[in-house]
>>> print(open('query.txt').read())   # compact mmCIF, C-alpha atoms
# COMPACT_ATOMS: atom_id res chain seq x y z
CA MET A 104 126.17 73.66 96.51
CA SER A 105 126.59 69.98 97.36
CA GLU A 106 123.67 67.66 98.04
CA GLN A 107 124.71 67.43 101.69
CA GLN A 108 124.81 71.20 102.16
CA GLN A 109 121.37 71.60 100.58
CA LYS A 110 120.04 68.78 102.74
CA LEU A 111 121.15 70.60 105.91
CA ILE A 112 119.45 73.80 104.76
CA ASP A 113 116.25 71.89 103.92
CA LEU A 114 116.22 70.01 107.23
CA ILE A 115 116.43 73.26 109.18
CA ALA A 116 113.91 75.02 106.95
CA ASP A 117 111.48 72.10 107.28
CA MET A 118 111.84 71.86 111.07
CA ASN A 119 113.50 68.45 111.09
CA GLU A 120 115.28 69.17 114.33
CA GLU A 121 116.80 65.79 115.17
CA GLU A 122 117.99 65.03 111.65
CA ALA A 123 119.38 68.54 111.16
CA ILE A 124 121.48 68.35 114.33
CA LYS A 125 122.57 64.80 113.49
CA LEU A 126 123.70 65.77 109.99
CA ALA A 127 125.48 68.92 111.22
CA ASN A 128 127.33 66.92 113.89
CA SER A 129 128.32 64.28 111.38
CA MET A 130 129.60 66.95 108.94
CA LEU A 131 131.66 68.55 111.72
CA ASP A 132 132.98 65.15 112.84
CA SER A 133 134.19 64.47 109.32
CA GLY A 134 136.16 67.72 109.28
CA TYR A 135 133.73 70.02 107.47
CA ASP A 136 134.62 73.71 107.83
CA PRO A 137 132.56 74.87 110.87
CA MET A 138 132.33 78.45 109.56
CA LYS A 139 130.83 77.22 106.29
CA LEU A 140 128.51 74.89 108.17
CA LEU A 141 127.13 77.83 110.18
CA GLU A 142 126.62 79.73 106.93
CA HIS A 143 124.45 76.85 105.67
CA CYS A 144 122.52 76.87 108.93
CA ARG A 145 121.88 80.59 108.56
CA ALA A 146 120.74 79.96 104.98
CA GLY A 147 118.23 77.48 106.45
CA MET A 148 117.27 80.09 109.00
CA ASP A 149 116.72 82.62 106.20
CA VAL A 150 114.18 80.24 104.64
CA VAL A 151 112.47 79.89 108.02
CA GLY A 152 112.43 83.69 108.35
CA LYS A 153 110.83 84.09 104.92
CA ARG A 154 108.20 81.47 105.77
CA PHE A 155 107.53 83.32 109.03
CA GLU A 156 107.10 86.63 107.24
CA SER A 157 104.78 85.07 104.66
CA GLY A 158 102.59 83.64 107.45
CA GLU A 159 103.44 79.99 106.75
CA TYR A 160 105.39 79.67 109.99
CA PHE A 161 104.64 81.17 113.40
CA LEU A 162 106.74 82.46 116.26
CA PRO A 163 107.25 79.04 117.94
CA GLU A 164 108.70 77.67 114.68
CA LEU A 165 111.03 80.64 114.42
CA MET A 166 112.20 79.93 117.97
CA LEU A 167 112.57 76.20 117.29
CA ALA A 168 114.73 76.87 114.25
CA GLY A 169 116.76 79.28 116.35
CA GLU A 170 117.29 76.64 118.99
CA MET A 171 118.48 74.19 116.30
CA LEU A 172 121.04 76.77 115.21
CA THR A 173 122.10 77.36 118.80
CA GLU A 174 122.56 73.64 119.35
CA ILE A 175 124.66 73.26 116.20
CA SER A 176 126.66 76.38 117.12
CA LYS A 177 127.60 74.84 120.47
CA LYS A 178 129.70 72.31 118.59
CA ALA A 179 130.77 74.53 115.69
CA LYS A 180 131.91 77.65 117.55
CA PRO A 181 134.69 76.02 119.63
CA LEU A 182 136.01 74.48 116.40
CA ILE A 183 136.03 77.91 114.75
CA GLN A 184 137.89 79.36 117.72
CA GLU A 185 140.43 76.53 117.57
CA SER A 186 141.03 77.17 113.89
CA GLN A 187 141.54 80.87 114.65
CA THR A 188 144.25 79.99 117.19
CA GLY A 189 142.27 80.93 120.23
CA GLY A 190 140.64 84.06 118.81
CA ALA A 191 136.95 84.69 119.17
CA ALA A 192 134.63 83.78 116.31
CA SER A 193 133.85 86.88 114.26
CA THR A 194 130.46 88.53 114.44
CA LYS A 195 128.53 90.48 111.83
CA GLY A 196 128.35 93.55 114.03
CA THR A 197 127.30 94.85 117.43
CA VAL A 198 123.72 95.75 118.30
CA ILE A 199 122.64 97.41 121.54
CA ILE A 200 119.03 96.73 122.48
CA GLY A 201 116.75 97.69 125.34
CA THR A 202 113.20 98.47 126.37
CA VAL A 203 112.97 102.24 126.82
CA HIS A 204 112.46 103.87 130.22
CA GLY A 205 108.95 103.67 131.62
CA ASP A 206 108.20 100.39 129.85
CA LEU A 207 108.65 96.98 131.48
CA HIS A 208 107.78 94.64 128.59
CA ASP A 209 110.62 92.37 127.60
CA ILE A 210 109.14 89.56 125.51
CA GLY A 211 109.55 91.35 122.15
CA LYS A 212 113.03 92.56 123.00
CA ASN A 213 114.07 89.07 124.10
CA ILE A 214 112.81 87.51 120.86
CA VAL A 215 114.69 90.09 118.76
CA THR A 216 117.83 89.58 120.88
CA PHE A 217 117.65 85.83 120.35
CA MET A 218 117.14 86.14 116.59
CA LEU A 219 119.98 88.64 116.18
CA ASP A 220 122.26 86.45 118.27
CA ILE A 221 121.67 83.30 116.25
CA ASN A 222 122.10 85.30 113.04
CA GLY A 223 125.63 86.18 114.05
CA TYR A 224 125.37 89.58 115.72
CA LYS A 225 126.90 90.46 119.06
CA VAL A 226 123.94 91.74 121.07
CA ILE A 227 124.25 93.88 124.19
CA ASP A 228 120.89 93.57 125.95
CA LEU A 229 120.39 96.44 128.39
CA GLY A 230 117.14 95.02 129.78
CA ILE A 231 113.88 96.83 130.50
CA ASP A 232 113.03 100.35 131.72
CA VAL A 233 116.43 101.51 130.46
CA PRO A 234 117.37 105.11 131.34
CA VAL A 235 118.58 107.36 128.52
CA ASP A 236 122.04 107.66 130.10
CA THR A 237 122.47 103.89 130.11
CA PHE A 238 121.96 103.80 126.33
CA ILE A 239 124.48 106.63 125.89
CA ASP A 240 127.10 105.04 128.15
CA SER A 241 126.66 101.70 126.42
CA ILE A 242 126.98 103.24 122.93
CA LYS A 243 130.22 104.94 124.01
CA GLU A 244 131.55 101.69 125.47
CA HIS A 245 130.55 99.19 122.77
CA LYS A 246 130.44 101.39 119.65
CA PRO A 247 127.56 99.46 118.04
CA SER A 248 126.44 99.70 114.43
CA VAL A 249 122.79 99.53 115.42
CA VAL A 250 120.69 100.47 118.45
CA GLY A 251 117.26 98.85 118.90
CA LEU A 252 114.64 100.54 121.07
CA SER A 253 111.71 98.44 122.20
CA GLY A 254 108.43 99.65 123.68
CA PHE A 255 105.05 97.98 123.81
CA LEU A 256 102.65 100.75 124.73
CA THR A 257 101.95 104.03 122.97
CA LEU A 258 103.37 105.96 125.91
CA ALA A 259 106.76 104.38 125.21
CA PHE A 260 107.01 106.46 122.03
CA ASP A 261 107.87 109.60 124.00
CA SER A 262 110.62 107.67 125.78
CA MET A 263 111.94 106.48 122.40
CA LYS A 264 111.96 110.06 121.09
CA GLU A 265 113.68 111.29 124.25
CA THR A 266 116.31 108.56 124.01
CA ILE A 267 117.07 109.30 120.36
CA GLU A 268 117.27 113.05 121.02
CA ALA A 269 119.70 112.41 123.87
CA ILE A 270 121.85 110.17 121.65
CA LYS A 271 121.91 113.00 119.11
CA ALA A 272 122.76 115.60 121.77
CA ALA A 273 125.65 113.40 122.90
CA GLY A 274 127.06 113.52 119.36
CA LEU A 275 126.60 109.77 118.80
CA ARG A 276 123.68 109.74 116.35
CA ASP A 277 125.62 109.96 113.07
CA ASP A 278 127.61 106.80 113.74
CA ILE A 279 124.70 104.47 114.38
CA LYS A 280 121.43 103.32 112.90
CA ILE A 281 118.44 103.23 115.22
CA MET A 282 115.51 100.86 114.82
CA ILE A 283 112.35 100.79 116.92
CA GLY A 284 109.91 97.97 117.53
CA GLY A 285 106.93 97.05 119.66
CA GLY A 286 103.16 96.72 119.63
CA GLN A 287 101.96 99.71 117.66
CA VAL A 288 104.99 101.09 115.81
CA ASP A 289 104.58 102.26 112.24
CA ASP A 290 106.19 104.82 109.95
CA THR A 291 104.42 107.72 111.64
CA ILE A 292 105.91 106.67 114.97
CA ARG A 293 109.31 106.17 113.33
CA ASP A 294 109.13 109.74 112.04
CA TYR A 295 107.93 111.05 115.43
CA THR A 296 110.74 109.38 117.37
CA GLY A 297 113.49 110.19 114.85
CA ALA A 298 114.47 106.53 114.35
CA ASP A 299 115.89 105.29 111.04
CA ALA A 300 113.48 102.38 110.70
CA PHE A 301 110.84 100.35 112.46
CA GLY A 302 110.36 96.60 112.55
CA LEU A 303 107.10 94.69 112.89
CA ASN A 304 108.75 91.48 114.07
CA ALA A 305 112.06 89.84 114.93
CA MET A 306 112.85 88.98 111.32
CA SER A 307 112.42 92.63 110.30
CA ALA A 308 115.03 93.52 112.90
CA VAL A 309 117.46 90.96 111.43
CA SER A 310 116.80 92.24 107.90
CA LEU A 311 117.32 95.86 108.94
CA CYS A 312 120.64 95.10 110.66
CA SER A 313 121.79 93.00 107.76
CA GLY A 314 120.97 95.74 105.23
CA TRP A 315 122.65 98.50 107.22
CA ILE A 316 125.78 96.53 108.05
CA LYS A 317 126.21 95.32 104.45
CA ALA A 318 125.78 98.89 103.18
CA ALA A 319 128.44 100.15 105.62
CA ALA A 320 130.93 97.42 104.70
CA MET B 58 88.62 97.11 148.59
CA PRO B 59 87.15 93.72 147.73
CA VAL B 60 89.81 91.25 146.65
CA ILE B 61 89.07 88.29 144.39
CA ASP B 62 91.33 85.33 145.04
CA ASP B 63 89.01 82.34 144.59
CA PHE B 64 90.29 81.56 141.10
CA ASN B 65 90.25 78.01 139.89
CA LEU B 66 91.86 78.46 136.52
CA ALA B 67 92.64 75.53 134.27
CA ILE B 68 93.88 75.34 130.72
CA ASP B 69 93.72 72.32 128.47
CA PRO B 70 96.79 71.83 126.25
CA ASP B 71 94.51 71.84 123.19
CA GLU B 72 93.38 75.39 124.01
CA ILE B 73 96.98 76.52 123.54
CA LEU B 74 97.67 74.36 120.49
CA GLN B 75 94.60 75.82 118.76
CA LEU B 76 95.82 79.40 119.09
CA ARG B 77 96.63 81.06 115.78
CA THR B 78 99.93 82.26 117.27
CA VAL B 79 101.12 78.68 117.76
CA GLY B 80 100.48 77.62 114.15
CA ASP B 81 99.53 74.16 112.90
CA ASN B 82 102.69 72.72 111.39
CA PRO B 83 102.25 68.92 111.54
CA ARG B 84 106.00 68.40 111.79
CA THR B 85 106.40 70.49 114.93
CA ARG B 86 103.02 69.72 116.50
CA PRO B 87 104.16 66.69 118.57
CA ARG B 88 107.08 68.69 120.01
CA MET B 89 104.82 71.67 120.77
CA ALA B 90 102.15 69.44 122.34
CA LYS B 91 104.70 67.74 124.58
CA LEU B 92 106.23 71.04 125.63
CA VAL B 93 102.85 72.66 126.32
CA ARG B 94 101.89 69.72 128.56
CA GLU B 95 105.22 69.94 130.39
CA ILE B 96 104.81 73.70 130.89
CA LEU B 97 101.26 73.35 132.23
CA ASP B 98 102.44 70.68 134.68
CA GLU B 99 105.35 72.86 135.75
CA LEU B 100 103.09 75.87 136.28
CA GLU B 101 100.87 73.81 138.53
CA ILE B 102 103.64 72.12 140.51
CA GLN B 103 105.54 75.35 141.07
CA SER B 104 102.38 77.48 141.53
CA LEU B 105 103.67 80.01 139.03
CA ILE B 106 100.20 81.38 138.24
CA ARG B 107 99.06 83.44 141.22
CA PRO B 108 95.89 85.28 140.21
CA ARG B 109 94.45 88.09 142.32
CA ALA B 110 92.11 90.95 141.53
CA THR B 111 90.65 93.95 143.25
CA TYR B 112 87.81 96.27 142.36
CA ALA B 113 85.46 98.93 143.73
CA PHE B 114 81.88 99.98 143.06
CA VAL B 115 82.10 103.78 142.69
CA ALA B 116 78.89 105.80 142.36
CA VAL B 117 78.41 107.96 139.29
CA THR B 118 77.35 111.53 140.10
CA GLU B 119 77.21 112.91 136.58
CA MET B 120 77.49 111.46 133.11
CA MET B 121 77.48 113.56 129.96
CA PRO B 122 78.77 112.76 126.48
CA GLY B 123 82.52 112.19 126.75
CA GLN B 124 82.80 112.77 130.49
CA VAL B 125 81.77 110.94 133.65
CA THR B 126 82.23 112.22 137.21
CA LEU B 127 82.38 109.80 140.14
CA ALA B 128 81.26 110.40 143.72
CA GLU B 129 84.77 110.60 145.10
CA GLY B 130 85.72 113.25 142.54
CA THR B 131 87.45 111.30 139.76
CA VAL B 132 86.54 112.44 136.25
CA PHE B 133 86.98 110.15 133.24
CA HIS B 134 87.21 111.84 129.87
CA ALA B 135 86.25 108.89 127.70
CA PRO B 136 83.68 109.14 124.91
CA LEU B 137 83.49 105.37 124.43
CA LEU B 138 82.82 104.80 128.11
CA THR B 139 79.96 107.32 128.34
CA HIS B 140 78.47 105.98 125.13
CA HIS B 141 78.63 102.30 126.10
CA MET B 142 77.85 102.73 129.79
CA ALA B 143 75.13 105.38 129.58
CA GLY B 144 72.73 104.93 132.49
CA ALA B 145 75.31 103.33 134.78
CA ALA B 146 74.74 104.12 138.45
CA HIS B 147 78.20 102.82 139.33
CA LEU B 148 81.45 102.29 137.51
CA VAL B 149 83.50 99.32 138.64
CA PRO B 150 87.24 99.77 138.00
CA VAL B 151 88.97 96.37 138.12
CA VAL B 152 92.60 95.28 138.11
CA VAL B 153 93.71 91.66 137.69
CA THR B 154 97.13 90.05 137.79
CA ILE B 155 98.51 86.53 137.55
CA GLY B 156 101.54 87.56 139.57
CA GLN B 157 105.24 88.19 139.24
CA ALA B 158 106.45 84.59 139.26
CA ILE B 159 105.40 83.92 135.67
CA ASP B 160 107.20 87.05 134.40
CA ALA B 161 110.37 85.86 136.10
CA ALA B 162 109.96 82.34 134.66
CA ILE B 163 109.64 83.69 131.11
CA SER B 164 112.69 85.94 131.46
CA ASP B 165 114.63 83.04 132.94
CA CYS B 166 113.78 80.83 129.94
CA PHE B 167 115.13 83.46 127.56
CA ALA B 168 118.24 83.87 129.67
CA ARG B 169 118.84 80.09 129.49
CA GLY B 170 118.31 80.04 125.71
CA ALA B 171 115.03 78.12 126.03
CA SER B 172 113.30 80.58 123.72
CA LEU B 173 110.67 78.16 122.38
CA LYS B 174 109.56 77.40 125.91
CA ALA B 175 109.60 81.12 126.70
CA VAL B 176 107.24 82.04 123.87
CA LEU B 177 104.88 79.16 124.69
CA LEU B 178 104.97 80.19 128.34
CA GLU B 179 104.05 83.71 127.27
CA GLU B 180 101.06 82.42 125.27
CA ILE B 181 99.93 80.31 128.20
CA ALA B 182 100.35 83.22 130.63
CA ASN B 183 98.23 85.44 128.38
CA GLN B 184 95.48 82.80 128.28
CA PHE B 185 95.53 82.53 132.08
CA LEU B 186 95.25 86.31 132.32
CA PHE B 187 92.27 86.37 129.92
CA LYS B 188 90.59 83.63 131.97
CA ALA B 189 91.28 85.46 135.22
CA GLY B 190 89.67 88.58 133.74
CA GLU B 191 86.59 86.59 132.69
CA HIS B 192 86.34 85.08 136.17
CA CYS B 193 86.39 88.59 137.67
CA GLU B 194 83.67 89.77 135.28
CA LYS B 195 81.43 86.91 136.45
CA SER B 196 82.23 87.47 140.10
CA ILE B 197 81.45 91.20 139.86
CA ALA B 198 78.25 90.48 137.91
CA ALA B 199 77.16 88.16 140.75
CA THR B 200 77.89 90.85 143.35
CA ALA B 201 75.97 93.41 141.26
CA ALA B 202 73.03 91.02 140.90
CA GLY B 203 72.90 90.85 144.70
CA LEU B 204 72.41 94.63 144.64
CA ASN B 205 69.72 94.32 141.93
CA LEU B 206 72.10 95.75 139.35
CA GLN B 207 73.02 94.56 135.89
CA THR B 208 76.58 94.80 134.57
CA SER B 209 77.88 95.88 131.18
CA GLY B 210 80.72 94.42 129.18
CA THR B 211 84.25 95.64 129.87
CA LEU B 212 86.23 98.56 128.49
CA ALA B 213 89.95 98.90 129.01
CA PRO B 214 92.16 101.98 129.03
CA GLY B 215 93.93 102.14 125.69
CA HIS B 216 90.87 101.15 123.71
CA GLU B 217 89.95 103.81 121.15
CA GLY B 218 87.69 106.32 122.91
CA ILE B 219 89.12 105.63 126.37
CA GLU B 220 92.64 107.01 126.41
CA PHE B 221 95.40 104.98 127.99
CA ASP B 222 96.16 107.67 130.58
CA ASN B 223 92.86 106.70 132.28
CA GLN B 224 94.74 103.64 133.53
CA VAL B 225 96.23 105.66 136.39
CA LYS B 226 92.71 106.44 137.64
CA VAL B 227 91.49 102.86 137.18
CA LEU B 228 94.40 101.49 139.21
CA LYS B 229 93.96 104.04 141.97
CA LEU B 230 90.20 103.51 142.26
CA SER B 231 90.42 99.72 142.15
CA GLY B 232 93.12 99.61 144.82
CA ALA B 233 95.79 97.99 142.69
CA ASP B 234 98.42 98.52 145.37
CA TYR B 235 96.38 96.26 147.72
CA ILE B 236 97.37 93.31 145.56
CA GLY B 237 100.93 94.44 144.88
CA ILE B 238 100.49 95.97 141.43
CA ARG B 239 102.81 98.88 140.86
CA MET B 240 102.88 101.22 137.94
CA SER B 241 105.76 102.71 135.97
CA ARG B 242 105.95 106.42 135.16
CA THR B 243 104.22 105.72 131.84
CA GLY B 244 101.41 103.64 133.33
CA VAL B 245 102.78 100.16 132.62
CA MET B 246 101.73 97.66 135.27
CA ASP B 247 104.24 95.54 137.15
CA PRO B 248 103.74 92.53 137.12
CA VAL B 249 103.46 92.81 133.35
CA HIS B 250 100.86 90.03 133.16
CA SER B 251 98.18 92.24 134.63
CA THR B 252 95.17 93.93 133.09
CA SER B 253 92.74 96.65 134.03
CA PHE B 254 89.22 97.43 132.86
CA ILE B 255 85.98 99.15 133.79
CA ILE B 256 82.51 97.65 134.09
CA GLY B 257 79.30 99.68 134.27
CA ALA B 258 76.63 98.72 136.80
CA GLY B 259 73.05 99.96 136.75
CA SER B 260 69.41 98.95 136.60
CA ARG B 261 69.55 98.40 132.82
CA MET B 262 72.95 97.76 131.29
CA ARG B 263 73.91 96.37 127.90
CA TYR B 264 76.40 93.48 127.97
CA TRP B 265 78.96 92.91 125.22
CA THR B 266 81.70 90.36 124.78
CA GLN B 267 85.44 90.78 124.46
CA ALA B 268 85.07 89.69 120.83
CA GLU B 269 82.89 92.77 120.23
CA ASN B 270 85.57 94.98 121.79
CA CYS B 271 88.09 93.43 119.42
CA GLN B 272 86.05 94.53 116.38
CA THR B 273 86.61 98.21 117.17
CA CYS B 274 90.12 98.03 118.62
CA ALA B 275 92.74 100.06 116.75
CA ALA B 276 95.30 97.28 117.26
CA ARG B 277 92.99 94.67 115.71
CA VAL B 278 94.92 94.11 112.47
CA LYS B 279 98.20 93.30 114.21
CA CYS B 280 96.89 91.78 117.44
CA PRO B 281 97.48 88.01 117.60
CA HIS B 282 94.97 87.68 120.46
CA ARG B 283 92.02 89.29 118.69
CA ARG B 284 88.77 87.41 119.01
CA GLU B 285 86.18 87.02 116.27
CA THR B 286 82.46 87.43 116.81
CA SER B 287 81.38 84.92 114.14
CA ALA B 288 82.50 82.82 111.21
CA TYR B 289 81.49 85.70 108.94
CA ALA B 290 83.77 88.09 110.81
CA GLU B 291 86.62 85.60 110.51
CA CYS B 292 86.15 85.54 106.72
CA ALA B 293 85.78 89.31 106.49
>>> encode(input="query.txt", output="structure tokens")
Amino acid sequence: MSEQQQKLIDLIADMNEEEAIKLANSMLDSGYDPMKLLEHCRAGMDVVGKRFESGEYFLPELMLAGEMLTEISKKAKPLIQESQTGGAASTKGTVIIGTVHGDLHDIGKNIVTFMLDINGYKVIDLGIDVPVDTFIDSIKEHKPSVVGLSGFLTLAFDSMKETIEAIKAAGLRDDIKIMIGGGQVDDTIRDYTGADAFGLNAMSAVSLCSGWIKAAA
Amino acid sequence: MPVIDDFNLAIDPDEILQLRTVGDNPRTRPRMAKLVREILDELEIQSLIRPRATYAFVAVTEMMPGQVTLAEGTVFHAPLLTHHMAGAAHLVPVVVTIGQAIDAAISDCFARGASLKAVLLEEIANQFLFKAGEHCEKSIAATAAGLNLQTSGTLAPGHEGIEFDNQVKVLKLSGADYIGIRMSRTGVMDPVHSTSFIIGAGSRMRYWTQAENCQTCAARVKCPHRRETSAYAECA
């Protein structure tokens, strides 16, 4: 890795917003491969994610790093599309996410959506209080690799279980991984709902998707 | 139902910057401080925090371990409540909201990609809701004092020993619909930045703080908003 590449990673990891964007823009202006540049940015984001999980960084820093990546992507993505002769930039995979029916909390879901998006996933956000049928229709339409069910309160767990059972009854369960997240989820709740995994924060969701999609590749 | 709407809530930017959820990274602190100030100004200019509360003094007709029956027929099955509020002549169900506008503002920030602002807005909204709840506690204590009654601390549905499904009863008794609070099938309040709790009122009531509630809350380990009772508790 060149000194310049490492510098970009370090600037993002250390929250040097202005300098990171300036360096990224200058690299793009001098013809640097935009796809590779985004890979370096995501490497910086991985460091931020690890610092978040270790307790060194907090949610606002995770969001700030995400916004840096978004800002850099605004310039990089059109260049990638140009180099692919008009085609869309590739994504790591499709994730459908929503807050289960009966629950109206959207902050956790929105944070996970944002983090998945900046980490290269195509995210279909179904919103809050999502009926079971909407999940099923969306799975049929978008054929995602992963479905994320969000719910803040304990009473959302029954809705999660109901949603997963309906996905199974519709014959769609074997083709997807399902992760759950929200206030009180743990492995007991994962087992109760029939999900494949649970995440305690947005970075867990990114790690789960990454692991599953790599394993399927 | 009595409605409380004489809130005069104010938050200093430092109160937000000191929260453990915001962190203390010196590199990002100036940016956070600037954004928090901007958000607080925006909330004031656009009147995005619209606190209202409603409550009712409901006479207790029978209280036995784990169960309390109220004059109008409601029965709470809640061991923690009967333990902590033993001797209460009245229960006071309370519901407080800071309104729908802030929920919409947070969702809008996420939709526009302003996720840092959205999470700071969420923290600020939570602090306003906590303050609104504290204001209600004081207001109800003053009303109770006028009736020669003392008030207890608060207990909320969802706390261990007072099952979450009691929330339906709390909202009905307090008259939540009077102030526009609706409830989903599973008992989630809309607007989301709302809270409900119960206060005991009687001739001799024990008061406890929210920090004491936090010590016995099942969500304590993961809850970013938990309060500590002392420096010792913080260390422990």
>>> residues_around(input="query.txt", residues="A:Ala127", least_positions_apart="5", cutoff="8 Å", atoms="all atoms listed in the file", output="mmCIF file with C-alpha atoms, keeping the file's coordinate frame")
data_model
loop_
_atom_site.group_PDB
_atom_site.id
_atom_site.type_symbol
_atom_site.label_atom_id
_atom_site.label_comp_id
_atom_site.auth_asym_id
_atom_site.auth_seq_id
_atom_site.Cartn_x
_atom_site.Cartn_y
_atom_site.Cartn_z
ATOM 1 C CA LEU A 111 121.150 70.600 105.910
ATOM 2 C CA LEU A 140 128.510 74.890 108.170
ATOM 3 C CA ILE A 175 124.660 73.260 116.200
#
>>> interface_residues(input="query.txt", of="chain A", to="chain B", cutoff="10 Å", atoms="all atoms listed in the file", output="ChimeraX atom specification")
/A:117-120,158-170,173-174,204-211,213-214,216-218,232,255-259,261-262,286-287,303
>>> closest_residue(input="query.txt", among="A:Val235, A:Ile267, A:Gly201, A:Asp299", to="A:Gly254", atoms="all atoms listed in the file")
A:Gly201
>>> axis_aligned_box(input="query.txt", around="stretch 300-306 of chain A", padding_each_side="3 Å", output="lines of an AutoDock Vina configuration file")
center_x = 110.3
center_y = 95.7
center_z = 112.8
size_x = 12.4
size_y = 19.4
size_z = 10.2
>>> closest_residue(input="query.txt", among="B:Glu217, B:Asp234, B:Glu129, B:Glu99", to="B:Thr154", atoms="all atoms listed in the file")
B:Asp234
>>> residues_around(input="query.txt", residues="A:Trp315", least_positions_apart="6", cutoff="9 Å", atoms="only C-alpha atoms", output="PyMOL selection string")
chain A and resi 248-249+280
>>> residues_around(input="query.txt", residues="B:Tyr264", least_positions_apart="3", cutoff="7 Å", atoms="all atoms listed in the file", output="short mmCIF file (atom, residue, chain, number, x, y, z; two decimals) with C-alpha atoms, in the frame of the given file")
data_model
loop_
_atom_site.label_atom_id
_atom_site.label_comp_id
_atom_site.auth_asym_id
_atom_site.auth_seq_id
_atom_site.Cartn_x
_atom_site.Cartn_y
_atom_site.Cartn_z
CA THR B 208 76.58 94.80 134.57
CA SER B 209 77.88 95.88 131.18
CA GLY B 210 80.72 94.42 129.18
#
>>> closest_residue(input="query.txt", among="B:Ala161, B:Ile68, B:Ile219, B:Cys274", to="B:Phe133", atoms="only C-alpha atoms")
B:Ile219
>>> atom_distance(input="query.txt", atom1="atom CA of A:Lys110", atom2="atom CA of A:Ser129")
12.8 Å
>>> residues_around(input="query.txt", residues="B:Gln207", least_positions_apart="6", cutoff="10 Å", atoms="only C-alpha atoms", output="mmCIF file with C-alpha atoms, in the coordinates of the input")
data_model
loop_
_atom_site.group_PDB
_atom_site.id
_atom_site.type_symbol
_atom_site.label_atom_id
_atom_site.label_comp_id
_atom_site.auth_asym_id
_atom_site.auth_seq_id
_atom_site.Cartn_x
_atom_site.Cartn_y
_atom_site.Cartn_z
ATOM 1 C CA ALA B 145 75.310 103.330 134.780
ATOM 2 C CA ILE B 197 81.450 91.200 139.860
ATOM 3 C CA ALA B 198 78.250 90.480 137.910
ATOM 4 C CA ALA B 199 77.160 88.160 140.750
ATOM 5 C CA THR B 200 77.890 90.850 143.350
ATOM 6 C CA ALA B 201 75.970 93.410 141.260
ATOM 7 C CA GLY B 257 79.300 99.680 134.270
ATOM 8 C CA ALA B 258 76.630 98.720 136.800
ATOM 9 C CA GLY B 259 73.050 99.960 136.750
ATOM 10 C CA SER B 260 69.410 98.950 136.600
ATOM 11 C CA ARG B 261 69.550 98.400 132.820
ATOM 12 C CA MET B 262 72.950 97.760 131.290
ATOM 13 C CA ARG B 263 73.910 96.370 127.900
ATOM 14 C CA TYR B 264 76.400 93.480 127.970
#
>>> residues_around(input="query.txt", residues="A:Gly196", least_positions_apart="4", cutoff="10 Å", atoms="only C-alpha atoms", output="NGL selection string")
:A and (219 or 223-226 or 246-249 or 312-313 or 316-317)
>>> atom_distance(input="query.txt", atom1="atom CA of A:Met171", atom2="atom CA of B:Pro87")
16.3 Å
>>> closest_residue(input="query.txt", among="A:Ile124, A:Ile115, A:Val250, A:Leu311", to="A:Ala146", atoms="only C-alpha atoms")
A:Ile115
>>> atom_distance(input="query.txt", atom1="atom CA of A:His245", atom2="atom CA of A:Asp149")
27.2 Å
>>> build_atoms(input="query.txt", residues="stretch 272-279 of chain A", atoms="N, CA, C and O atoms", output="PDB file, in the frame of the given file")
ATOM      1  N   ALA A 272     122.126 114.525 120.985  1.00  0.00           N
ATOM      2  CA  ALA A 272     122.760 115.600 121.770  1.00  0.00           C
ATOM      3  C   ALA A 272     124.148 115.192 122.256  1.00  0.00           C
ATOM      4  O   ALA A 272     125.026 116.038 122.441  1.00  0.00           O
ATOM      5  N   ALA A 273     124.337 113.884 122.441  1.00  0.00           N
ATOM      6  CA  ALA A 273     125.650 113.400 122.900  1.00  0.00           C
ATOM      7  C   ALA A 273     126.631 113.249 121.737  1.00  0.00           C
ATOM      8  O   ALA A 273     127.764 112.806 121.929  1.00  0.00           O
ATOM      9  N   GLY A 274     126.180 113.573 120.533  1.00  0.00           N
ATOM     10  CA  GLY A 274     127.060 113.520 119.360  1.00  0.00           C
ATOM     11  C   GLY A 274     127.293 112.113 118.843  1.00  0.00           C
ATOM     12  O   GLY A 274     128.265 111.862 118.130  1.00  0.00           O
ATOM     13  N   LEU A 275     126.385 111.188 119.174  1.00  0.00           N
ATOM     14  CA  LEU A 275     126.600 109.770 118.800  1.00  0.00           C
ATOM     15  C   LEU A 275     125.671 109.319 117.661  1.00  0.00           C
ATOM     16  O   LEU A 275     125.805 108.212 117.157  1.00  0.00           O
ATOM     17  N   ARG A 276     124.738 110.176 117.274  1.00  0.00           N
ATOM     18  CA  ARG A 276     123.680 109.740 116.350  1.00  0.00           C
ATOM     19  C   ARG A 276     124.191 109.391 114.959  1.00  0.00           C
ATOM     20  O   ARG A 276     123.694 108.451 114.326  1.00  0.00           O
ATOM     21  N   ASP A 277     125.180 110.150 114.459  1.00  0.00           N
ATOM     22  CA  ASP A 277     125.620 109.960 113.070  1.00  0.00           C
ATOM     23  C   ASP A 277     126.324 108.630 112.840  1.00  0.00           C
ATOM     24  O   ASP A 277     126.412 108.158 111.715  1.00  0.00           O
ATOM     25  N   ASP A 278     126.831 108.039 113.909  1.00  0.00           N
ATOM     26  CA  ASP A 278     127.610 106.800 113.740  1.00  0.00           C
ATOM     27  C   ASP A 278     126.779 105.540 113.847  1.00  0.00           C
ATOM     28  O   ASP A 278     127.309 104.440 113.684  1.00  0.00           O
ATOM     29  N   ILE A 279     125.516 105.678 114.164  1.00  0.00           N
ATOM     30  CA  ILE A 279     124.700 104.470 114.380  1.00  0.00           C
ATOM     31  C   ILE A 279     123.365 104.560 113.640  1.00  0.00           C
ATOM     32  O   ILE A 279     122.901 105.640 113.309  1.00  0.00           O
TER      33      ILE A 279
END
